[in-house]
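J.: Structure provided below as structure tokens; questions to follow.
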Amino acid sequence: MKKYLEGLPKKIRELVYLAKDLAAYRRMPAYLVGGFVRDLILGVRNFDLDIVVVGDGIKFAEYFARALKAKLIRHKRFGTATVVLKPGLKIDIATARSEIYPLPAHLPVVKPGSLEDDLFRRDFTINAMAISLAENDFGRLIDCYGGVGDLKNKTIRVLHALSFIDDPTRIIRAIRFEQRFGFKLDAGTLKLLKEAVRAKMLKIVEPQRLRDDLILVLKEAEPIKEIMRFKELTGFSFIDKHLVAGAKTIGLLRCADKEIKWFIRTHPRRRALDSWLIYFIALTDNLKSPAIKPLVQRFALKRGEEIRILSYKSAQLKIAPALKKKDINPSELFSCLEPLSYEVIILLKAKFGGACLRNNIDKFFLNLNGARISISGDDLRRLGLEPGPHYQKIFKSILNAKLDGKLRTRQDELRLVKNIIRRP
Ligand code: ATP
């Protein structure tokens, strides 16, 4: 694998060589593992280095972080640590371990182990390969479970028959990787997966672990393809008993997908969308409002995510009817949409596809979003107006007049303020 490692971008290659030098100097057997090795063989860009150390992984991580003057996050309970270099570039370092699952779907009992133990505890053969970082056999591929063969045959295969029972989140991971790479589940693995689904194993996973794996699914390049495969293999009752992705939901997902792409293409300078959240809200569209809140709580979604999910529900009733009007004023359009997040607006556009609503939303993004007035509180004070809640009212009137094209310059705004003040 030396040739593959030589072909890495310079920054990543230097990190690999630093790990090799540290492993030699500290006499600690260290290996590249997991998705990094898989993607290296596939020729897919992946800058998340994943290293396993037979011995004390956290100690190795400390040496690593010190050499790079980088931040280190330790997870002592798991014998792992993350060296954070900059956003998007991190190195996970772990102590090689074996795992025993005393109860299905519960966290395993972990103890230090050999490299083979560590590879055996992994989800699929394609993720269970290692590359040696030792001086004397640097670059040697260790493939105890047939990962290379499965990569060649485009196959997702678990390492043992209890894999999905021990950790049912692997059901989600299996489908995610299958769809991402365009692979197939090996026949035995598919049978085990179906058995685990039939035994309702996903229902006993801790909801927050489910959430994390689902978010990863929705962050994949083609989430709808993934969702269709979930529909076929698992259904969605493990998310909520009333959740069925029927034809309407799938239609909404497809429209949302188009709108997301449109937004990214036409508004490249705006903040990055949380696309996964748009897919999540679309997927749960058939759930009634009273079912959404418990789901949000069970998944412990962040406050900002909860607000967007709930505001989509209420906007359908309160905002959508106004958006369907052809003659809506720019100021009215602004007060409807400015308080909403991009994610919610895009979903409204996807859900209510009428021409007026679509035009109004396009107009908002093009001309109105982020509009500001030029005058400030200082100007009002200079005009002798005592500060108070009426300031906001004045600002609103100025902004509305500006949005409706009645004011062009700062002087126009000041003139209108004076008129407002003079009014009895
Ligand atoms: P991605 O390309 O999506 O980041 P990855 O394979 O790097 O995929 P991670 O979630 O970063 O995935 O996990 C790193 C490695 O840890 C995996 O390649 C796999 O070997 C192992 N792993 C992760 N989750 C599990 C799991 N639930 N069960 C067993 N092994 C796992």
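By convention in this document, the chains of the structure tokens carry letters A, B, ... by their order, each chain's residues are numbered from 1, and ligands are numbered from 1 in the order they are shown.
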Could you build a table of the residues in chain A lying no more than 9 Å from ligand 1, giving for each the nearest pair of atoms and their separation in Å rounded to one decimal place, using only C-alpha atoms and all ligand atoms, ordered by chain and ascending residue number, as a tab-separated table?
T.:
```
residue	atom	partner	partner_atom_place_in_ligand_line	distance
A:Val33	CA	ligand 1	20 (O)	7.0
A:Gly34	CA	ligand 1	18 (O)	3.5
A:Gly35	CA	ligand 1	6 (O)	3.5
A:Phe36	CA	ligand 1	7 (O)	6.1
A:Val37	CA	ligand 1	18 (O)	8.3
A:Arg38	CA	ligand 1	6 (O)	7.6
A:Asp39	CA	ligand 1	2 (O)	7.6
A:Asn46	CA	ligand 1	2 (O)	7.2
A:Asp48	CA	ligand 1	7 (O)	7.2
A:Leu49	CA	ligand 1	7 (O)	8.6
A:Asp50	CA	ligand 1	14 (C)	7.0
A:Asp92	CA	ligand 1	11 (O)	8.7
A:Asp118	CA	ligand 1	20 (O)	8.9
A:Leu119	CA	ligand 1	20 (O)	7.2
A:Phe120	CA	ligand 1	29 (C)	8.6
A:Arg121	CA	ligand 1	29 (C)	5.8
A:Arg122	CA	ligand 1	30 (N)	3.4
A:Asp123	CA	ligand 1	29 (C)	3.6
A:Phe124	CA	ligand 1	20 (O)	7.0
A:Thr125	CA	ligand 1	20 (O)	8.3
A:Ile126	CA	ligand 1	18 (O)	7.8
A:Asn127	CA	ligand 1	20 (O)	4.3
A:Ala128	CA	ligand 1	20 (O)	5.3
A:Met129	CA	ligand 1	20 (O)	8.0
A:Ser163	CA	ligand 1	28 (N)	8.1
A:Phe164	CA	ligand 1	28 (N)	8.9
A:Asp166	CA	ligand 1	28 (N)	8.8
A:Asp167	CA	ligand 1	27 (N)	6.2
A:Pro168	CA	ligand 1	27 (N)	7.8
A:Thr169	CA	ligand 1	27 (N)	5.8
A:Arg170	CA	ligand 1	27 (N)	5.2
A:Ile171	CA	ligand 1	27 (N)	8.9
A:Arg173	CA	ligand 1	27 (N)	7.3
A:Arg176	CA	ligand 1	3 (O)	8.3
A:Phe177	CA	ligand 1	3 (O)	7.7
A:Asp213	CA	ligand 1	10 (O)	8.7
A:Leu216	CA	ligand 1	3 (O)	7.3
A:Val217	CA	ligand 1	3 (O)	8.9
A:Glu220	CA	ligand 1	3 (O)	8.5
```
J.: Store the residues picked out above, limited to N, CA and C atoms, as a CSV table (one decimal), in the first residue's frame.
T.:
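New file result_37.csv:
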```csv
chain,number,residue,atom,x,y,z
A,33,VAL,N,-6.4,2.5,10.0
A,33,VAL,CA,-7.5,1.5,10.0
A,33,VAL,C,-8.8,2.2,9.4
A,34,GLY,N,-9.8,1.3,9.3
A,34,GLY,CA,-11.2,1.8,9.0
A,34,GLY,C,-11.5,2.4,7.7
A,35,GLY,N,-12.3,3.4,7.7
A,35,GLY,CA,-12.8,4.1,6.4
A,35,GLY,C,-11.6,4.7,5.7
A,36,PHE,N,-10.6,5.1,6.4
A,36,PHE,CA,-9.4,5.7,5.7
A,36,PHE,C,-8.8,4.7,4.7
A,37,VAL,N,-8.6,3.5,5.2
A,37,VAL,CA,-8.0,2.4,4.4
A,37,VAL,C,-8.9,2.0,3.3
A,38,ARG,N,-10.2,1.9,3.6
A,38,ARG,CA,-11.2,1.5,2.6
A,38,ARG,C,-11.1,2.6,1.4
A,39,ASP,N,-11.2,3.9,1.8
A,39,ASP,CA,-11.2,4.9,0.8
A,39,ASP,C,-9.9,5.0,0.0
A,46,ASN,N,-10.5,11.0,1.4
A,46,ASN,CA,-10.9,10.9,2.8
A,46,ASN,C,-9.7,11.4,3.7
A,48,ASP,N,-9.9,11.9,7.0
A,48,ASP,CA,-10.0,11.6,8.4
A,48,ASP,C,-9.1,10.4,8.7
A,49,LEU,N,-7.9,10.7,9.3
A,49,LEU,CA,-7.0,9.6,9.6
A,49,LEU,C,-7.6,8.9,10.8
A,50,ASP,N,-7.5,7.5,10.8
A,50,ASP,CA,-8.0,6.7,11.9
A,50,ASP,C,-6.9,5.8,12.2
A,92,ASP,N,-8.3,10.4,14.5
A,92,ASP,CA,-8.8,9.6,15.6
A,92,ASP,C,-7.8,8.6,15.9
A,118,ASP,N,-9.2,-6.0,17.3
A,118,ASP,CA,-9.8,-4.7,17.0
A,118,ASP,C,-10.5,-4.7,15.6
A,119,LEU,N,-9.9,-5.4,14.7
A,119,LEU,CA,-10.5,-5.4,13.4
A,119,LEU,C,-11.8,-6.3,13.4
A,120,PHE,N,-11.8,-7.3,14.3
A,120,PHE,CA,-13.0,-8.2,14.4
A,120,PHE,C,-14.2,-7.5,15.0
A,121,ARG,N,-13.9,-6.4,15.8
A,121,ARG,CA,-15.1,-5.7,16.4
A,121,ARG,C,-15.8,-4.8,15.5
A,122,ARG,N,-15.3,-4.7,14.2
A,122,ARG,CA,-15.8,-3.6,13.3
A,122,ARG,C,-17.0,-4.1,12.6
A,123,ASP,N,-17.6,-3.1,11.8
A,123,ASP,CA,-18.9,-3.4,11.3
A,123,ASP,C,-18.9,-4.3,10.0
A,124,PHE,N,-18.1,-4.0,9.0
A,124,PHE,CA,-18.1,-4.7,7.8
A,124,PHE,C,-16.6,-5.0,7.3
A,125,THR,N,-16.5,-6.0,6.5
A,125,THR,CA,-15.1,-6.4,6.1
A,125,THR,C,-14.4,-5.3,5.4
A,126,ILE,N,-15.1,-4.4,4.6
A,126,ILE,CA,-14.5,-3.4,3.9
A,126,ILE,C,-14.0,-2.3,4.9
A,127,ASN,N,-14.5,-2.3,6.1
A,127,ASN,CA,-14.0,-1.3,7.1
A,127,ASN,C,-13.1,-1.9,8.1
A,128,ALA,N,-12.7,-3.2,7.9
A,128,ALA,CA,-11.9,-3.9,8.9
A,128,ALA,C,-10.5,-4.3,8.3
A,129,MET,N,-9.9,-3.3,7.7
A,129,MET,CA,-8.6,-3.6,7.2
A,129,MET,C,-7.6,-2.5,7.8
A,163,SER,N,-23.6,-9.7,14.4
A,163,SER,CA,-23.2,-8.3,14.2
A,163,SER,C,-24.4,-7.3,14.4
A,164,PHE,N,-25.5,-7.6,13.7
A,164,PHE,CA,-26.6,-6.6,13.7
A,164,PHE,C,-27.4,-6.7,15.1
A,166,ASP,N,-25.8,-7.4,18.0
A,166,ASP,CA,-24.9,-6.7,19.0
A,166,ASP,C,-25.1,-5.2,18.8
A,167,ASP,N,-25.1,-4.7,17.6
A,167,ASP,CA,-25.2,-3.3,17.4
A,167,ASP,C,-26.1,-3.0,16.2
A,168,PRO,N,-27.4,-2.8,16.4
A,168,PRO,CA,-28.3,-2.6,15.3
A,168,PRO,C,-28.1,-1.4,14.5
A,169,THR,N,-27.3,-0.4,15.0
A,169,THR,CA,-27.0,0.8,14.2
A,169,THR,C,-26.3,0.3,12.9
A,170,ARG,N,-25.7,-0.9,13.0
A,170,ARG,CA,-25.0,-1.4,11.8
A,170,ARG,C,-26.0,-1.6,10.6
A,171,ILE,N,-27.2,-1.8,10.9
A,171,ILE,CA,-28.3,-2.0,9.9
A,171,ILE,C,-28.3,-0.7,9.1
A,173,ARG,N,-25.9,1.6,9.0
A,173,ARG,CA,-24.6,1.8,8.3
A,173,ARG,C,-24.5,0.9,7.1
A,176,ARG,N,-26.4,2.6,4.4
A,176,ARG,CA,-25.7,3.8,4.0
A,176,ARG,C,-24.5,3.5,3.1
A,177,PHE,N,-23.7,2.6,3.5
A,177,PHE,CA,-22.5,2.3,2.6
A,177,PHE,C,-22.9,1.6,1.3
A,213,ASP,N,-26.9,8.3,13.5
A,213,ASP,CA,-26.7,7.5,12.2
A,213,ASP,C,-27.6,7.9,11.2
A,216,LEU,N,-26.3,11.0,9.5
A,216,LEU,CA,-25.3,10.6,8.5
A,216,LEU,C,-25.9,10.2,7.2
A,217,VAL,N,-27.0,9.4,7.3
A,217,VAL,CA,-27.6,8.9,6.1
A,217,VAL,C,-28.1,10.2,5.3
A,220,GLU,N,-25.6,12.1,3.2
A,220,GLU,CA,-25.0,11.4,2.1
A,220,GLU,C,-25.3,12.2,0.8
```
J.: Return as CSV the residues of segment 201-279 of chain A lying at most 10 Å from segment 337-353 of chain A, together with the closest atom-to-atom pair for each and the distance in Å to one decimal, counting only C-alpha atoms, with rows in chain order and ascending residue number.
T.:
```
residue,atom,partner,partner_atom,distance
A:Lys248,CA,A:Lys351,CA,9.9
A:Thr249,CA,A:Lys351,CA,9.8
A:Gly251,CA,A:Lys351,CA,9.0
A:Leu252,CA,A:Lys351,CA,6.1
A:Leu253,CA,A:Ala350,CA,8.2
A:Arg254,CA,A:Ala350,CA,8.5
A:Cys255,CA,A:Ala350,CA,5.1
A:Ala256,CA,A:Ala350,CA,5.1
A:Asp257,CA,A:Ala350,CA,8.5
A:Lys258,CA,A:Ala350,CA,8.1
A:Glu259,CA,A:Ile346,CA,6.3
A:Ile260,CA,A:Ile346,CA,7.0
A:Trp262,CA,A:Ile346,CA,9.6
A:Phe263,CA,A:Ile346,CA,8.1
A:Arg270,CA,A:Tyr342,CA,9.5
A:Arg271,CA,A:Tyr342,CA,9.0
A:Ala272,CA,A:Tyr342,CA,9.5
A:Leu273,CA,A:Glu343,CA,6.8
A:Asp274,CA,A:Glu343,CA,7.0
A:Ser275,CA,A:Glu343,CA,7.4
A:Trp276,CA,A:Glu343,CA,9.6
A:Leu277,CA,A:Glu343,CA,7.4
A:Ile278,CA,A:Glu343,CA,5.8
A:Tyr279,CA,A:Leu347,CA,9.0
```
J.: Restricting it to N, CA, C and O atoms, dump the selection as an mmCIF file, in the first residue's frame.
T.:
```cif
data_model
loop_
_atom_site.group_PDB
_atom_site.id
_atom_site.type_symbol
_atom_site.label_atom_id
_atom_site.label_comp_id
_atom_site.auth_asym_id
_atom_site.auth_seq_id
_atom_site.Cartn_x
_atom_site.Cartn_y
_atom_site.Cartn_z
ATOM 1 N N LYS A 248 -46.682 10.462 -1.352
ATOM 2 C CA LYS A 248 -46.698 11.919 -1.152
ATOM 3 C C LYS A 248 -45.380 12.388 -0.541
ATOM 4 O O LYS A 248 -44.801 13.383 -0.953
ATOM 5 N N THR A 249 -44.953 11.643 0.475
ATOM 6 C CA THR A 249 -43.702 12.003 1.152
ATOM 7 C C THR A 249 -42.522 11.896 0.194
ATOM 8 O O THR A 249 -41.654 12.775 0.160
ATOM 9 N N GLY A 251 -42.625 12.161 -2.979
ATOM 10 C CA GLY A 251 -42.759 13.287 -3.917
ATOM 11 C C GLY A 251 -42.194 14.560 -3.290
ATOM 12 O O GLY A 251 -41.455 15.310 -3.943
ATOM 13 N N LEU A 252 -42.531 14.789 -2.027
ATOM 14 C CA LEU A 252 -42.031 15.995 -1.351
ATOM 15 C C LEU A 252 -40.507 15.949 -1.239
ATOM 16 O O LEU A 252 -39.821 16.959 -1.459
ATOM 17 N N LEU A 253 -39.984 14.779 -0.899
ATOM 18 C CA LEU A 253 -38.519 14.639 -0.794
ATOM 19 C C LEU A 253 -37.848 14.980 -2.124
ATOM 20 O O LEU A 253 -36.831 15.670 -2.158
ATOM 21 N N ARG A 254 -38.439 14.509 -3.204
ATOM 22 C CA ARG A 254 -37.835 14.775 -4.521
ATOM 23 C C ARG A 254 -37.885 16.273 -4.850
ATOM 24 O O ARG A 254 -36.923 16.839 -5.354
ATOM 25 N N CYS A 255 -39.026 16.896 -4.553
ATOM 26 C CA CYS A 255 -39.125 18.347 -4.808
ATOM 27 C C CYS A 255 -38.125 19.099 -3.922
ATOM 28 O O CYS A 255 -37.470 20.038 -4.380
ATOM 29 N N ALA A 256 -38.023 18.679 -2.653
ATOM 30 C CA ALA A 256 -37.088 19.348 -1.734
ATOM 31 C C ALA A 256 -35.657 19.222 -2.265
ATOM 32 O O ALA A 256 -34.877 20.186 -2.233
ATOM 33 N N ASP A 257 -35.347 18.045 -2.781
ATOM 34 C CA ASP A 257 -34.016 17.798 -3.333
ATOM 35 C C ASP A 257 -33.715 18.788 -4.472
ATOM 36 O O ASP A 257 -32.637 19.381 -4.535
ATOM 37 N N LYS A 258 -34.702 18.980 -5.333
ATOM 38 C CA LYS A 258 -34.532 19.922 -6.459
ATOM 39 C C LYS A 258 -34.323 21.345 -5.936
ATOM 40 O O LYS A 258 -33.483 22.081 -6.427
ATOM 41 N N GLU A 259 -35.133 21.702 -4.936
ATOM 42 C CA GLU A 259 -35.054 23.072 -4.414
ATOM 43 C C GLU A 259 -33.722 23.320 -3.712
ATOM 44 O O GLU A 259 -33.175 24.418 -3.787
ATOM 45 N N ILE A 260 -33.222 22.307 -3.018
ATOM 46 C CA ILE A 260 -31.916 22.457 -2.349
ATOM 47 C C ILE A 260 -30.849 22.728 -3.405
ATOM 48 O O ILE A 260 -30.029 23.638 -3.271
ATOM 49 N N TRP A 262 -31.264 23.912 -6.390
ATOM 50 C CA TRP A 262 -31.507 25.234 -6.962
ATOM 51 C C TRP A 262 -30.909 26.314 -6.058
ATOM 52 O O TRP A 262 -30.217 27.226 -6.521
ATOM 53 N N PHE A 263 -31.152 26.194 -4.759
ATOM 54 C CA PHE A 263 -30.681 27.212 -3.817
ATOM 55 C C PHE A 263 -29.151 27.280 -3.816
ATOM 56 O O PHE A 263 -28.562 28.354 -3.869
ATOM 57 N N ARG A 270 -24.748 32.545 0.242
ATOM 58 C CA ARG A 270 -25.511 32.523 1.507
ATOM 59 C C ARG A 270 -24.978 31.431 2.416
ATOM 60 O O ARG A 270 -24.216 30.575 1.984
ATOM 61 N N ARG A 271 -25.456 31.448 3.671
ATOM 62 C CA ARG A 271 -24.934 30.451 4.615
ATOM 63 C C ARG A 271 -25.241 29.035 4.118
ATOM 64 O O ARG A 271 -26.239 28.835 3.405
ATOM 65 N N ALA A 272 -24.364 28.090 4.523
ATOM 66 C CA ALA A 272 -24.563 26.707 4.065
ATOM 67 C C ALA A 272 -25.872 26.171 4.639
ATOM 68 O O ALA A 272 -26.178 26.407 5.813
ATOM 69 N N LEU A 273 -26.616 25.470 3.802
ATOM 70 C CA LEU A 273 -27.887 24.896 4.266
ATOM 71 C C LEU A 273 -27.636 23.677 5.136
ATOM 72 O O LEU A 273 -26.686 22.930 4.891
ATOM 73 N N ASP A 274 -28.513 23.452 6.107
ATOM 74 C CA ASP A 274 -28.521 22.158 6.792
ATOM 75 C C ASP A 274 -29.438 21.255 5.961
ATOM 76 O O ASP A 274 -30.594 21.017 6.324
ATOM 77 N N SER A 275 -28.904 20.759 4.857
ATOM 78 C CA SER A 275 -29.757 19.990 3.941
ATOM 79 C C SER A 275 -30.350 18.769 4.630
ATOM 80 O O SER A 275 -31.505 18.415 4.385
ATOM 81 N N TRP A 276 -29.568 18.136 5.496
ATOM 82 C CA TRP A 276 -30.063 16.919 6.144
ATOM 83 C C TRP A 276 -31.370 17.213 6.885
ATOM 84 O O TRP A 276 -32.288 16.385 6.897
ATOM 85 N N LEU A 277 -31.453 18.430 7.470
ATOM 86 C CA LEU A 277 -32.643 18.776 8.252
ATOM 87 C C LEU A 277 -33.848 18.937 7.316
ATOM 88 O O LEU A 277 -34.974 18.566 7.665
ATOM 89 N N ILE A 278 -33.600 19.463 6.125
ATOM 90 C CA ILE A 278 -34.698 19.602 5.153
ATOM 91 C C ILE A 278 -35.231 18.204 4.807
ATOM 92 O O ILE A 278 -36.442 17.968 4.797
ATOM 93 N N TYR A 279 -34.321 17.260 4.552
ATOM 94 C CA TYR A 279 -34.772 15.897 4.234
ATOM 95 C C TYR A 279 -35.497 15.282 5.437
ATOM 96 O O TYR A 279 -36.492 14.580 5.281
#
```
J.: Suppose you want the space between atom CA of Asp21 of chain A and atom CA of Gly79 of chain A; what is it in Å?
T.: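 For atom CA of Asp21 of chain A relative to atom CA of Gly79 of chain A, the distance reads 21.7 Å.
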J.: Among the residues of segment 126-227 of chain A, find those DSSP assigns to helix (DSSP H, G or I) from the backbone and print them as number ranges by chain.
T.: A: 126-127, 135-137, 147-152, 163-166, 169-181, 187-198, 201-204, 207-218, 223-227
J.: So, with only C-alpha atoms as the atoms that count, which of A:Asp327, A:Ala322, A:Ala134, A:Lys241 lies closest to Pro294 of chain A?
T.: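 Of A:Asp327, A:Ala322, A:Ala134, A:Lys241, the one nearest Pro294 of chain A is A:Lys241, counting only C-alpha atoms.
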J.: Go ahead and compute the interatomic distance for atom CA of Val244 of chain A and atom CA of Met228 of chain A, in Å to one decimal.
T.: 11.6 Å
J.: List the spatial neighbours of Ile239 of chain A as an mmCIF file with all heavy atoms, in the first residue's frame - criterion: any atom at most 10 Å away, only C-alpha atoms, same-chain residues fewer than 5 positions off excluded.
T.:
```cif
data_model
loop_
_atom_site.group_PDB
_atom_site.id
_atom_site.type_symbol
_atom_site.label_atom_id
_atom_site.label_comp_id
_atom_site.auth_asym_id
_atom_site.auth_seq_id
_atom_site.Cartn_x
_atom_site.Cartn_y
_atom_site.Cartn_z
ATOM 1 N N LEU A 202 -33.965 -2.406 15.815
ATOM 2 C CA LEU A 202 -33.726 -0.952 15.753
ATOM 3 C C LEU A 202 -34.529 -0.206 16.820
ATOM 4 O O LEU A 202 -34.160 0.885 17.222
ATOM 5 C CB LEU A 202 -34.087 -0.422 14.361
ATOM 6 C CG LEU A 202 -33.011 -0.624 13.295
ATOM 7 C CD1 LEU A 202 -33.546 -0.309 11.913
ATOM 8 C CD2 LEU A 202 -31.788 0.238 13.583
ATOM 9 N N LYS A 203 -35.615 -0.848 17.267
ATOM 10 C CA LYS A 203 -36.466 -0.161 18.250
ATOM 11 C C LYS A 203 -35.819 -0.120 19.628
ATOM 12 O O LYS A 203 -36.244 0.659 20.479
ATOM 13 C CB LYS A 203 -37.828 -0.855 18.336
ATOM 14 C CG LYS A 203 -38.624 -0.633 17.081
ATOM 15 C CD LYS A 203 -40.104 -0.604 17.341
ATOM 16 C CE LYS A 203 -40.791 -0.126 16.080
ATOM 17 N NZ LYS A 203 -42.085 -0.627 15.852
ATOM 18 N N PRO A 207 -32.179 6.186 21.340
ATOM 19 C CA PRO A 207 -32.615 7.089 20.265
ATOM 20 C C PRO A 207 -31.520 8.036 19.774
ATOM 21 O O PRO A 207 -31.454 8.351 18.594
ATOM 22 C CB PRO A 207 -33.754 7.881 20.910
ATOM 23 C CG PRO A 207 -34.216 7.052 22.041
ATOM 24 C CD PRO A 207 -33.069 6.221 22.503
ATOM 25 N N LEU A 210 -29.454 6.359 17.244
ATOM 26 C CA LEU A 210 -30.229 6.282 15.988
ATOM 27 C C LEU A 210 -30.161 7.602 15.252
ATOM 28 O O LEU A 210 -29.921 7.648 14.052
ATOM 29 C CB LEU A 210 -31.709 6.034 16.290
ATOM 30 C CG LEU A 210 -32.245 4.635 16.382
ATOM 31 C CD1 LEU A 210 -33.768 4.694 16.487
ATOM 32 C CD2 LEU A 210 -31.844 3.796 15.181
ATOM 33 N N ARG A 211 -30.382 8.678 16.021
ATOM 34 C CA ARG A 211 -30.377 10.023 15.434
ATOM 35 C C ARG A 211 -29.049 10.280 14.712
ATOM 36 O O ARG A 211 -29.032 10.703 13.559
ATOM 37 C CB ARG A 211 -30.567 11.061 16.552
ATOM 38 C CG ARG A 211 -30.338 12.484 16.114
ATOM 39 C CD ARG A 211 -29.984 13.382 17.286
ATOM 40 N NE ARG A 211 -28.726 12.976 17.894
ATOM 41 C CZ ARG A 211 -28.333 13.291 19.124
ATOM 42 N NH1 ARG A 211 -29.112 14.019 19.889
ATOM 43 N NH2 ARG A 211 -27.171 12.889 19.607
ATOM 44 N N LEU A 214 -28.851 8.326 11.561
ATOM 45 C CA LEU A 214 -29.804 8.821 10.552
ATOM 46 C C LEU A 214 -29.328 10.123 9.920
ATOM 47 O O LEU A 214 -29.450 10.324 8.710
ATOM 48 C CB LEU A 214 -31.163 9.069 11.202
ATOM 49 C CG LEU A 214 -32.054 7.859 11.327
ATOM 50 C CD1 LEU A 214 -33.310 8.207 12.129
ATOM 51 C CD2 LEU A 214 -32.473 7.378 9.929
ATOM 52 N N VAL A 244 -44.715 6.669 7.758
ATOM 53 C CA VAL A 244 -44.645 5.851 6.539
ATOM 54 C C VAL A 244 -44.273 6.790 5.399
ATOM 55 O O VAL A 244 -44.920 7.806 5.207
ATOM 56 C CB VAL A 244 -45.991 5.181 6.185
ATOM 57 C CG1 VAL A 244 -46.157 3.851 6.844
ATOM 58 C CG2 VAL A 244 -47.162 6.092 6.496
ATOM 59 N N THR A 284 -40.604 13.398 7.683
ATOM 60 C CA THR A 284 -41.576 13.290 8.778
ATOM 61 C C THR A 284 -42.829 14.139 8.507
ATOM 62 O O THR A 284 -43.622 14.391 9.408
ATOM 63 C CB THR A 284 -40.942 13.741 10.120
ATOM 64 O OG1 THR A 284 -40.393 15.050 9.933
ATOM 65 C CG2 THR A 284 -39.850 12.799 10.564
ATOM 66 N N LEU A 295 -41.005 13.276 19.189
ATOM 67 C CA LEU A 295 -39.902 12.750 18.372
ATOM 68 C C LEU A 295 -38.659 13.627 18.533
ATOM 69 O O LEU A 295 -37.539 13.130 18.726
ATOM 70 C CB LEU A 295 -40.336 12.677 16.902
ATOM 71 C CG LEU A 295 -39.257 12.262 15.911
ATOM 72 C CD1 LEU A 295 -38.770 10.846 16.200
ATOM 73 C CD2 LEU A 295 -39.768 12.329 14.469
ATOM 74 N N ARG A 298 -37.266 12.874 21.912
ATOM 75 C CA ARG A 298 -36.642 11.549 21.993
ATOM 76 C C ARG A 298 -35.272 11.570 21.315
ATOM 77 O O ARG A 298 -34.309 10.993 21.798
ATOM 78 C CB ARG A 298 -37.561 10.531 21.294
ATOM 79 C CG ARG A 298 -37.356 9.090 21.717
ATOM 80 C CD ARG A 298 -38.591 8.257 21.373
ATOM 81 N NE ARG A 298 -38.872 8.241 19.961
ATOM 82 C CZ ARG A 298 -38.298 7.452 19.057
ATOM 83 N NH1 ARG A 298 -37.396 6.572 19.454
ATOM 84 N NH2 ARG A 298 -38.630 7.494 17.801
ATOM 85 N N PHE A 299 -35.186 12.270 20.209
ATOM 86 C CA PHE A 299 -33.916 12.361 19.479
ATOM 87 C C PHE A 299 -32.988 13.437 20.044
ATOM 88 O O PHE A 299 -31.881 13.615 19.552
ATOM 89 C CB PHE A 299 -34.173 12.656 17.994
ATOM 90 C CG PHE A 299 -34.444 11.428 17.175
ATOM 91 C CD1 PHE A 299 -34.499 10.162 17.759
ATOM 92 C CD2 PHE A 299 -34.622 11.511 15.801
ATOM 93 C CE1 PHE A 299 -34.736 9.026 16.995
ATOM 94 C CE2 PHE A 299 -34.861 10.378 15.027
ATOM 95 C CZ PHE A 299 -34.923 9.128 15.638
#
```
